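query_20.cif follows (mmCIF, C-alpha atoms):
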data_query
#
loop_
_atom_site.group_PDB
_atom_site.id
_atom_site.type_symbol
_atom_site.label_atom_id
_atom_site.label_comp_id
_atom_site.auth_asym_id
_atom_site.auth_seq_id
_atom_site.Cartn_x
_atom_site.Cartn_y
_atom_site.Cartn_z
ATOM 1 C CA MET N 1 -4.889 -14.560 -10.955
ATOM 2 C CA ILE N 2 -4.133 -10.844 -11.271
ATOM 3 C CA THR N 3 -4.077 -9.116 -14.655
ATOM 4 C CA THR N 4 -2.293 -5.775 -14.955
ATOM 5 C CA VAL N 5 -3.157 -3.354 -17.751
ATOM 6 C CA THR N 6 -0.630 -0.899 -19.206
ATOM 7 C CA LEU N 7 -2.131 0.856 -22.201
ATOM 8 C CA ASN N 8 0.768 3.303 -22.596
ATOM 9 C CA PRO N 9 3.936 1.357 -21.704
ATOM 10 C CA ALA N 10 7.428 2.701 -22.262
ATOM 11 C CA ILE N 11 11.105 1.947 -22.111
ATOM 12 C CA ASP N 12 12.092 3.777 -18.945
ATOM 13 C CA THR N 13 15.590 5.224 -19.282
ATOM 14 C CA ARG N 14 17.168 6.660 -16.126
ATOM 15 C CA TYR N 15 20.302 8.784 -16.308
ATOM 16 C CA PHE N 16 22.244 9.370 -13.105
ATOM 17 C CA ILE N 17 23.978 12.792 -13.306
ATOM 18 C CA GLU N 18 24.802 14.139 -9.856
ATOM 19 C CA ASP N 19 25.417 17.807 -10.808
ATOM 20 C CA PHE N 20 22.801 18.076 -13.586
ATOM 21 C CA LYS N 21 21.804 21.603 -14.622
ATOM 22 C CA GLU N 22 19.751 22.839 -17.558
ATOM 23 C CA GLY N 23 21.573 23.944 -20.698
ATOM 24 C CA ARG N 24 24.875 22.108 -20.225
ATOM 25 C CA LEU N 25 26.543 18.998 -21.652
ATOM 26 C CA PHE N 26 26.734 15.948 -19.382
ATOM 27 C CA ARG N 27 27.838 12.338 -19.583
ATOM 28 C CA ALA N 28 25.685 10.008 -17.525
ATOM 29 C CA GLU N 29 27.498 8.365 -14.621
ATOM 30 C CA LYS N 30 25.111 5.420 -14.880
ATOM 31 C CA THR N 31 22.195 4.488 -17.138
ATOM 32 C CA ILE N 32 19.396 2.035 -16.352
ATOM 33 C CA LYS N 33 16.804 0.894 -18.883
ATOM 34 C CA SER N 34 13.757 -1.140 -17.923
ATOM 35 C CA PRO N 35 10.231 -2.011 -19.102
ATOM 36 C CA GLY N 36 8.180 0.915 -17.845
ATOM 37 C CA GLY N 37 4.762 2.357 -17.416
ATOM 38 C CA LYS N 38 2.805 2.341 -14.170
ATOM 39 C CA GLY N 39 1.094 -0.953 -14.923
ATOM 40 C CA LEU N 40 4.394 -2.722 -15.552
ATOM 41 C CA ASN N 41 5.731 -1.341 -12.268
ATOM 42 C CA VAL N 42 2.730 -2.991 -10.598
ATOM 43 C CA THR N 43 3.502 -6.209 -12.478
ATOM 44 C CA LYS N 44 7.136 -6.288 -11.386
ATOM 45 C CA VAL N 45 6.221 -5.847 -7.733
ATOM 46 C CA LEU N 46 3.546 -8.546 -7.915
ATOM 47 C CA LYS N 47 6.125 -10.903 -9.404
ATOM 48 C CA GLN N 48 8.474 -10.150 -6.484
ATOM 49 C CA LEU N 49 5.592 -10.940 -4.105
ATOM 50 C CA ASP N 50 5.220 -14.325 -5.838
ATOM 51 C CA ALA N 51 1.741 -13.493 -7.146
ATOM 52 C CA ASN N 52 0.149 -15.227 -10.119
ATOM 53 C CA VAL N 53 0.213 -12.237 -12.470
ATOM 54 C CA VAL N 54 0.025 -11.616 -16.206
ATOM 55 C CA ALA N 55 0.657 -8.278 -17.905
ATOM 56 C CA THR N 56 -1.375 -6.965 -20.812
ATOM 57 C CA GLY N 57 -1.818 -3.764 -22.761
ATOM 58 C CA ILE N 58 -0.624 -2.540 -26.141
ATOM 59 C CA LEU N 59 2.976 -2.678 -27.407
ATOM 60 C CA GLY N 60 4.494 -1.964 -30.795
ATOM 61 C CA GLY N 61 7.629 -1.580 -32.878
ATOM 62 C CA LYS N 62 11.211 -2.291 -31.862
ATOM 63 C CA ASN N 63 10.643 -0.708 -28.444
ATOM 64 C CA GLY N 64 7.724 -3.064 -27.867
ATOM 65 C CA GLU N 65 9.886 -6.032 -28.827
ATOM 66 C CA TRP N 66 12.550 -4.874 -26.345
ATOM 67 C CA ILE N 67 9.968 -4.730 -23.557
ATOM 68 C CA GLN N 68 8.637 -8.210 -24.357
ATOM 69 C CA GLU N 69 12.163 -9.655 -24.424
ATOM 70 C CA ASN N 70 13.009 -8.109 -21.062
ATOM 71 C CA LEU N 71 9.749 -9.232 -19.453
ATOM 72 C CA LYS N 72 10.638 -12.752 -20.582
ATOM 73 C CA LYS N 73 14.066 -12.411 -18.920
ATOM 74 C CA MET N 74 12.239 -11.415 -15.717
ATOM 75 C CA ASN N 75 9.992 -14.501 -15.994
ATOM 76 C CA ILE N 76 6.925 -12.279 -16.196
ATOM 77 C CA LYS N 77 3.969 -13.695 -18.121
ATOM 78 C CA GLU N 78 2.547 -11.283 -20.680
ATOM 79 C CA GLY N 79 -0.381 -11.156 -23.051
ATOM 80 C CA PHE N 80 0.153 -7.821 -24.803
ATOM 81 C CA TYR N 81 -1.554 -6.996 -28.051
ATOM 82 C CA VAL N 82 1.110 -6.070 -30.619
ATOM 83 C CA SER N 83 0.328 -2.929 -32.625
ATOM 84 C CA SER N 84 2.131 -1.346 -35.575
ATOM 85 C CA SER N 85 2.482 1.873 -33.525
ATOM 86 C CA GLU N 86 5.885 2.345 -31.872
ATOM 87 C CA THR N 87 5.988 2.131 -28.077
ATOM 88 C CA ARG N 88 7.296 5.288 -26.417
ATOM 89 C CA VAL N 89 10.442 6.066 -24.425
ATOM 90 C CA CYS N 90 10.432 7.965 -21.115
ATOM 91 C CA ILE N 91 13.535 9.588 -19.643
ATOM 92 C CA ALA N 92 14.385 10.522 -16.062
ATOM 93 C CA VAL N 93 17.516 12.446 -15.064
ATOM 94 C CA LEU N 94 18.401 11.824 -11.429
ATOM 95 C CA ALA N 95 20.642 14.488 -9.882
ATOM 96 C CA LYS N 96 21.795 14.990 -6.314
ATOM 97 C CA HIS N 97 18.872 17.216 -5.332
ATOM 98 C CA SER N 98 16.413 16.885 -8.216
ATOM 99 C CA GLU N 99 14.714 14.565 -10.655
ATOM 100 C CA THR N 100 13.775 15.694 -14.177
ATOM 101 C CA GLU N 101 11.408 13.635 -16.322
ATOM 102 C CA ILE N 102 10.731 13.750 -20.060
ATOM 103 C CA LEU N 103 7.733 11.616 -21.026
ATOM 104 C CA GLU N 104 6.765 10.842 -24.604
ATOM 105 C CA SER N 105 3.010 10.766 -25.182
ATOM 106 C CA GLY N 106 3.062 7.704 -27.436
ATOM 107 C CA GLU N 107 1.647 7.260 -30.934
ATOM 108 C CA GLU N 108 -2.056 7.248 -31.767
ATOM 109 C CA LEU N 109 -3.677 3.829 -32.095
ATOM 110 C CA PRO N 110 -6.240 2.919 -34.765
ATOM 111 C CA ASP N 111 -9.660 1.649 -33.653
ATOM 112 C CA SER N 112 -8.835 -1.774 -35.092
ATOM 113 C CA ASP N 113 -5.994 -2.123 -32.553
ATOM 114 C CA LEU N 114 -8.318 -1.242 -29.682
ATOM 115 C CA ARG N 115 -10.912 -3.816 -30.726
ATOM 116 C CA ALA N 116 -8.234 -6.504 -31.062
ATOM 117 C CA PHE N 117 -6.785 -5.602 -27.670
ATOM 118 C CA GLU N 118 -10.214 -5.777 -26.021
ATOM 119 C CA LYS N 119 -10.705 -9.322 -27.297
ATOM 120 C CA LYS N 120 -7.355 -10.415 -25.817
ATOM 121 C CA PHE N 121 -8.092 -8.480 -22.626
ATOM 122 C CA MET N 122 -11.408 -10.206 -21.995
ATOM 123 C CA GLU N 123 -9.813 -13.613 -22.473
ATOM 124 C CA LEU N 124 -7.491 -12.745 -19.577
ATOM 125 C CA VAL N 125 -10.319 -11.278 -17.471
ATOM 126 C CA GLU N 126 -12.137 -14.601 -17.619
ATOM 127 C CA LYS N 127 -9.163 -16.218 -15.831
ATOM 128 C CA SER N 128 -8.571 -13.387 -13.339
ATOM 129 C CA ASP N 129 -10.019 -12.308 -10.005
ATOM 130 C CA VAL N 130 -8.348 -8.892 -9.770
ATOM 131 C CA ILE N 131 -7.486 -6.470 -12.573
ATOM 132 C CA THR N 132 -5.334 -3.374 -12.195
ATOM 133 C CA MET N 133 -5.390 -0.531 -14.722
ATOM 134 C CA SER N 134 -2.620 2.016 -14.386
ATOM 135 C CA GLY N 135 -1.147 5.073 -16.015
ATOM 136 C CA SER N 136 -1.865 7.442 -18.853
ATOM 137 C CA LEU N 137 -3.741 6.730 -22.059
ATOM 138 C CA PRO N 138 -1.979 6.788 -25.453
ATOM 139 C CA LYS N 139 -2.138 9.935 -27.543
ATOM 140 C CA GLY N 140 -5.550 10.513 -29.084
ATOM 141 C CA MET N 141 -7.360 7.859 -27.029
ATOM 142 C CA ASP N 142 -10.755 8.881 -25.648
ATOM 143 C CA ALA N 143 -10.540 9.893 -21.977
ATOM 144 C CA GLY N 144 -13.431 7.552 -21.229
ATOM 145 C CA TYR N 145 -11.621 4.413 -22.396
ATOM 146 C CA TYR N 146 -10.851 3.263 -18.852
ATOM 147 C CA GLN N 147 -14.552 3.585 -18.038
ATOM 148 C CA LYS N 148 -15.295 1.199 -20.906
ATOM 149 C CA LEU N 149 -12.729 -1.349 -19.690
ATOM 150 C CA VAL N 150 -13.878 -1.117 -16.053
ATOM 151 C CA GLU N 151 -17.484 -1.726 -17.101
ATOM 152 C CA MET N 152 -16.414 -4.725 -19.182
ATOM 153 C CA VAL N 153 -14.686 -6.222 -16.123
ATOM 154 C CA ASN N 154 -17.554 -5.422 -13.762
ATOM 155 C CA ARG N 155 -19.942 -7.341 -15.988
ATOM 156 C CA LYS N 156 -17.788 -10.404 -15.271
ATOM 157 C CA GLY N 157 -17.974 -9.808 -11.507
ATOM 158 C CA LYS N 158 -14.235 -9.149 -11.076
ATOM 159 C CA LYS N 159 -12.570 -6.396 -9.007
ATOM 160 C CA VAL N 160 -10.816 -3.463 -10.678
ATOM 161 C CA ILE N 161 -8.165 -1.163 -9.203
ATOM 162 C CA LEU N 162 -7.850 2.002 -11.316
ATOM 163 C CA ASP N 163 -4.797 4.241 -10.899
ATOM 164 C CA THR N 164 -4.750 7.125 -13.337
ATOM 165 C CA SER N 165 -5.021 10.908 -13.245
ATOM 166 C CA GLY N 166 -6.597 13.970 -14.802
ATOM 167 C CA LYS N 167 -9.539 13.599 -17.143
ATOM 168 C CA SER N 168 -9.024 9.845 -17.528
ATOM 169 C CA LEU N 169 -9.545 9.509 -13.751
ATOM 170 C CA LEU N 170 -12.705 11.635 -13.748
ATOM 171 C CA GLU N 171 -14.109 9.646 -16.666
ATOM 172 C CA GLY N 172 -12.759 6.290 -15.496
ATOM 173 C CA VAL N 173 -14.468 6.361 -12.089
ATOM 174 C CA LYS N 174 -17.821 6.468 -13.867
ATOM 175 C CA GLY N 175 -17.256 2.784 -14.614
ATOM 176 C CA LYS N 176 -17.412 2.085 -10.833
ATOM 177 C CA PRO N 177 -13.942 0.630 -10.098
ATOM 178 C CA TYR N 178 -13.534 -1.231 -6.814
ATOM 179 C CA LEU N 179 -10.641 1.022 -5.781
ATOM 180 C CA ILE N 180 -8.857 4.170 -6.907
ATOM 181 C CA LYS N 181 -5.655 5.487 -5.333
ATOM 182 C CA PRO N 182 -5.270 9.247 -5.881
ATOM 183 C CA ASN N 183 -2.509 11.417 -4.426
ATOM 184 C CA PHE N 184 -2.789 15.096 -3.454
ATOM 185 C CA ASP N 185 -2.093 16.388 -6.970
ATOM 186 C CA GLU N 186 -4.850 14.223 -8.395
ATOM 187 C CA LEU N 187 -7.305 15.275 -5.689
ATOM 188 C CA GLU N 188 -6.540 18.934 -6.391
ATOM 189 C CA TYR N 189 -7.332 18.347 -10.064
ATOM 190 C CA VAL N 190 -10.628 16.711 -9.113
ATOM 191 C CA LEU N 191 -11.559 19.496 -6.703
ATOM 192 C CA GLY N 192 -10.244 22.367 -8.803
ATOM 193 C CA GLU N 193 -8.538 23.913 -5.783
ATOM 194 C CA SER N 194 -5.619 23.268 -3.441
ATOM 195 C CA ILE N 195 -5.917 20.619 -0.717
ATOM 196 C CA ASP N 196 -5.039 22.215 2.621
ATOM 197 C CA GLY N 197 -6.633 19.893 5.135
ATOM 198 C CA ARG N 198 -8.728 16.796 5.754
ATOM 199 C CA ASP N 199 -11.986 18.602 4.988
ATOM 200 C CA LYS N 200 -10.792 19.283 1.439
ATOM 201 C CA ILE N 201 -9.597 15.676 1.106
ATOM 202 C CA LYS N 202 -13.028 14.435 2.149
ATOM 203 C CA LYS N 203 -14.745 16.832 -0.258
ATOM 204 C CA ALA N 204 -12.644 15.574 -3.203
ATOM 205 C CA VAL N 205 -13.197 11.938 -2.221
ATOM 206 C CA GLU N 206 -16.950 12.466 -1.961
ATOM 207 C CA LYS N 207 -16.938 13.865 -5.499
ATOM 208 C CA LEU N 208 -15.073 10.787 -6.752
ATOM 209 C CA LYS N 209 -17.411 8.421 -4.917
ATOM 210 C CA ASN N 210 -20.447 10.248 -6.253
ATOM 211 C CA LEU N 211 -19.040 9.755 -9.752
ATOM 212 C CA GLY N 212 -18.737 6.012 -9.153
ATOM 213 C CA ALA N 213 -15.596 5.049 -7.212
ATOM 214 C CA GLN N 214 -16.481 2.338 -4.685
ATOM 215 C CA ASN N 215 -13.451 2.794 -2.409
ATOM 216 C CA VAL N 216 -10.728 5.454 -2.335
ATOM 217 C CA LEU N 217 -7.214 5.112 -0.909
ATOM 218 C CA VAL N 218 -5.623 8.558 -0.577
ATOM 219 C CA SER N 219 -1.838 8.606 -0.374
ATOM 220 C CA LEU N 220 -0.360 11.005 2.211
ATOM 221 C CA GLY N 221 3.275 10.266 1.359
ATOM 222 C CA GLY N 222 5.365 9.831 4.491
ATOM 223 C CA GLU N 223 2.249 10.271 6.631
ATOM 224 C CA GLY N 224 0.670 7.071 5.324
ATOM 225 C CA ALA N 225 -2.796 7.088 3.787
ATOM 226 C CA ILE N 226 -6.523 7.428 4.420
ATOM 227 C CA TYR N 227 -8.921 4.762 3.188
ATOM 228 C CA PHE N 228 -12.502 5.770 2.388
ATOM 229 C CA GLY N 229 -14.776 2.730 2.164
ATOM 230 C CA GLU N 230 -17.678 1.660 4.339
ATOM 231 C CA GLU N 231 -15.609 3.256 7.099
ATOM 232 C CA ILE N 232 -12.800 5.795 7.068
ATOM 233 C CA LEU N 233 -9.438 4.396 8.153
ATOM 234 C CA LYS N 234 -6.161 6.220 8.846
ATOM 235 C CA ILE N 235 -3.087 4.124 8.028
ATOM 236 C CA THR N 236 0.019 5.356 9.848
ATOM 237 C CA ILE N 237 3.447 4.194 8.691
ATOM 238 C CA PRO N 238 6.813 4.366 10.457
ATOM 239 C CA LYS N 239 9.487 6.853 9.379
ATOM 240 C CA ILE N 240 12.028 5.391 6.950
ATOM 241 C CA LYS N 241 15.014 6.596 4.956
ATOM 242 C CA ILE N 242 13.768 7.383 1.446
ATOM 243 C CA HIS N 243 15.936 6.908 -1.636
ATOM 244 C CA ASN N 244 13.377 7.022 -4.458
ATOM 245 C CA THR N 245 9.635 7.657 -4.362
ATOM 246 C CA VAL N 246 9.079 6.903 -8.082
ATOM 247 C CA GLY N 247 7.023 3.732 -8.303
ATOM 248 C CA SER N 248 5.940 3.717 -4.654
ATOM 249 C CA GLY N 249 2.325 4.369 -5.609
ATOM 250 C CA ASP N 250 2.464 1.531 -8.126
ATOM 251 C CA SER N 251 3.976 -0.723 -5.460
ATOM 252 C CA SER N 252 1.100 0.146 -3.123
ATOM 253 C CA VAL N 253 -1.369 -0.796 -5.856
ATOM 254 C CA ALA N 254 0.443 -4.112 -6.262
ATOM 255 C CA GLY N 255 0.239 -4.795 -2.532
ATOM 256 C CA PHE N 256 -3.489 -4.048 -2.472
ATOM 257 C CA ALA N 257 -4.085 -6.282 -5.498
ATOM 258 C CA LYS N 258 -2.086 -9.124 -3.929
ATOM 259 C CA GLY N 259 -4.049 -8.826 -0.692
ATOM 260 C CA LEU N 260 -7.357 -8.885 -2.573
ATOM 261 C CA ASP N 261 -6.295 -11.869 -4.651
ATOM 262 C CA ASP N 262 -5.198 -13.724 -1.492
ATOM 263 C CA GLY N 263 -8.527 -12.996 0.220
ATOM 264 C CA LEU N 264 -6.983 -11.077 3.125
ATOM 265 C CA GLU N 265 -8.998 -9.012 5.583
ATOM 266 C CA LEU N 266 -9.171 -5.265 4.770
ATOM 267 C CA HIS N 267 -6.731 -4.113 7.478
ATOM 268 C CA GLU N 268 -4.155 -6.657 6.310
ATOM 269 C CA ILE N 269 -4.622 -5.596 2.689
ATOM 270 C CA LEU N 270 -4.008 -1.969 3.620
ATOM 271 C CA LYS N 271 -0.899 -2.832 5.625
ATOM 272 C CA LEU N 272 0.497 -4.881 2.745
ATOM 273 C CA SER N 273 -0.243 -2.031 0.348
ATOM 274 C CA MET N 274 1.588 0.544 2.460
ATOM 275 C CA ALA N 275 4.508 -1.780 3.222
ATOM 276 C CA CYS N 276 5.112 -2.345 -0.495
ATOM 277 C CA GLY N 277 5.186 1.392 -1.130
ATOM 278 C CA MET N 278 7.669 1.826 1.709
ATOM 279 C CA SER N 279 9.950 -0.928 0.446
ATOM 280 C CA ASN N 280 10.041 0.621 -3.040
ATOM 281 C CA ALA N 281 10.939 4.009 -1.542
ATOM 282 C CA GLN N 282 14.069 2.468 -0.034
ATOM 283 C CA SER N 283 15.323 1.225 -3.406
ATOM 284 C CA MET N 284 16.888 3.212 -6.254
ATOM 285 C CA GLU N 285 15.128 0.886 -8.703
ATOM 286 C CA THR N 286 11.550 1.684 -9.690
ATOM 287 C CA GLY N 287 9.079 -1.118 -8.961
ATOM 288 C CA LYS N 288 11.425 -2.911 -6.585
ATOM 289 C CA VAL N 289 10.432 -4.380 -3.216
ATOM 290 C CA ILE N 290 12.158 -6.738 -0.825
ATOM 291 C CA PRO N 291 9.617 -9.243 0.598
ATOM 292 C CA GLU N 292 11.496 -9.563 3.910
ATOM 293 C CA ASP N 293 11.353 -5.785 4.411
ATOM 294 C CA VAL N 294 7.668 -5.759 3.474
ATOM 295 C CA LYS N 295 6.933 -8.269 6.241
ATOM 296 C CA GLU N 296 8.891 -6.190 8.762
ATOM 297 C CA PHE N 297 7.122 -2.959 7.790
ATOM 298 C CA ILE N 298 3.700 -4.606 8.111
ATOM 299 C CA GLY N 299 4.352 -5.187 11.807
ATOM 300 C CA ASN N 300 4.983 -1.466 12.350
ATOM 301 C CA ILE N 301 1.947 -0.095 10.521
ATOM 302 C CA THR N 302 -1.109 0.912 12.536
ATOM 303 C CA ILE N 303 -4.693 1.453 11.419
ATOM 304 C CA GLU N 304 -7.405 3.357 13.263
ATOM 305 C CA GLU N 305 -10.907 4.481 12.434
ATOM 306 C CA LEU N 306 -11.111 8.164 11.599
ATOM 307 C CA LYS N 307 -14.040 10.486 12.196
ATOM 308 C CA MET N 308 -14.288 13.133 9.482
#
Here is a file; write its structure as structure tokens.
Amino acid sequence: MITTVTLNPAIDTRYFIEDFKEGRLFRAEKTIKSPGGKGLNVTKVLKQLDANVVATGILGGKNGEWIQENLKKMNIKEGFYVSSSETRVCIAVLAKHSETEILESGEELPDSDLRAFEKKFMELVEKSDVITMSGSLPKGMDAGYYQKLVEMVNRKGKKVILDTSGKSLLEGVKGKPYLIKPNFDELEYVLGESIDGRDKIKKAVEKLKNLGAQNVLVSLGGEGAIYFGEEILKITIPKIKIHNTVGSGDSSVAGFAKGLDDGLELHEILKLSMACGMSNAQSMETGKVIPEDVKEFIGNITIEELKM
């Protein structure tokens, strides 16, 4: 079983306004609301891949109830801890040539909520083989909280995929997650300087591995990815028509988790991971993949050892 963790979920609200400009009044041409947060994007993709997955994290208030109701409609199993703190709302305005996001930080959680969540979390870990932890931490939460959760999972001998950014990434890798999946922006934060070539990528990855990350999958967008494990592998993907990149990283995490849970060989796991990200990029819906397309993409992805 795969358990996904979303500590800072949200109701994702997407407004489609083709000619959006700052400082003017608009009526949305279309509005889509969905259970959001990076971990729930991972969950949705895993469900579409027919994985045995359960979602957990912390929800609260009327927004939390809305998310639980909609997960039930999607036939997604969940084991969220219910807090008295209201779950946040995140807004994206999609225009013809731009995308503007407004992300609430979420309310602060009392220590009693965290302890209660951890008890529920460990009950799920006992039944799981792979755990994914994704996204930001709620307002006021210690940046090292992911490190604590990763260490709790490692003590049970399970594999953790950690996908976060900023200080929570730098602190989280100290827990020794099995995999992290940073993009260029996250590597630049780690390195403290711009990434302008493979040497800088390698330098940032080495810093993350020295901190504790076991394996690192670096997203290169349309150029594929580079995997840093016992060997360095370049994953090359075919060119596709892109409609929406939001959620593609989460879809890649889902593919990697599914491959791990299924016991696939590393090259096949990496191909599945990339194919899921590609499928999401071809959909206007975040966290959406088409299994038939994923299978087709896998056949067109190549992997070669890289000397760096």
Problem set entry | CA of Lys271 (chain N) to CA of Ile303 (chain N), distance in Å rounded to a single decimal | 8.1 Å
Exercise. The PyMOL selection byres ((chain N and resi 17-31) around 10) on the file shown: which residues, as a VMD selection string?
Worked result: chain N and resid 13 to 16 32 to 33 92 to 100
Problem set entry | Within 6 Å of region 217-234 of chain N using all atoms listed in the file, minus same-chain residues under 5 positions, as a list in words |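 So the residues in contact are Lys181, Pro182, Asn183, Ile303, Glu304, Glu305 and Leu306 of chain N.
Residue selection for this entry, given the PyMOL selection byres ((chain N and resi 284-301) around 7), comprises Asn41, Val42, Lys44, Val45, Gln48, Leu49, Thr236, Ile237, Pro238, His243, Asn244, Val246, Gly247, Ser251, Lys271, Leu272, Ala275, Cys276, Ser279, Asn280, Gln282, Ser283, Thr302 and Ile303 of chain N.
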Taking a cut-off of 9 Å and counting only C-alpha atoms, can you build a table that, for each residue of region 100-166 of chain N near region 260-268 of chain N, reports the nearest atom pair and how far apart they are in Å (one decimal), sorted by chain then residue number, as a Markdown table?
| residue | atom | partner | partner_atom | distance |
| --- | --- | --- | --- | --- |
| N:Asp129 | CA | N:Asp261 | CA | 6.5 |
| N:Val130 | CA | N:Asp261 | CA | 6.3 |
| N:Lys159 | CA | N:Leu260 | CA | 8.6 |
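Counting from CA of Met74 (chain N), the distance to CA of Asp113 (chain N) is 26.5 Å.
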For this session: Run the PyMOL selection byres ((chain N and resi 177) around 9) against the file shown and list the residues it catches, as a VMD selection string.
Result: chain N and resid 147 150 to 151 154 159 to 162 172 to 176 178 to 180 212 to 215
Exercise. Looking at N:Lys47, N:Lys156, N:Lys148, N:Lys258, which one is nearest to Asn75 (chain N), with distances taken over only C-alpha atoms?
Worked result: N:Lys47
For this session: Kindly indicate which residue among N:Met133, N:Thr6, N:Gly166, N:Lys239 lies nearest to Val253 (chain N), using all atoms listed in the file for the distances.
Result: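 Closest to Val253 (chain N) of all the choices is N:Met133.
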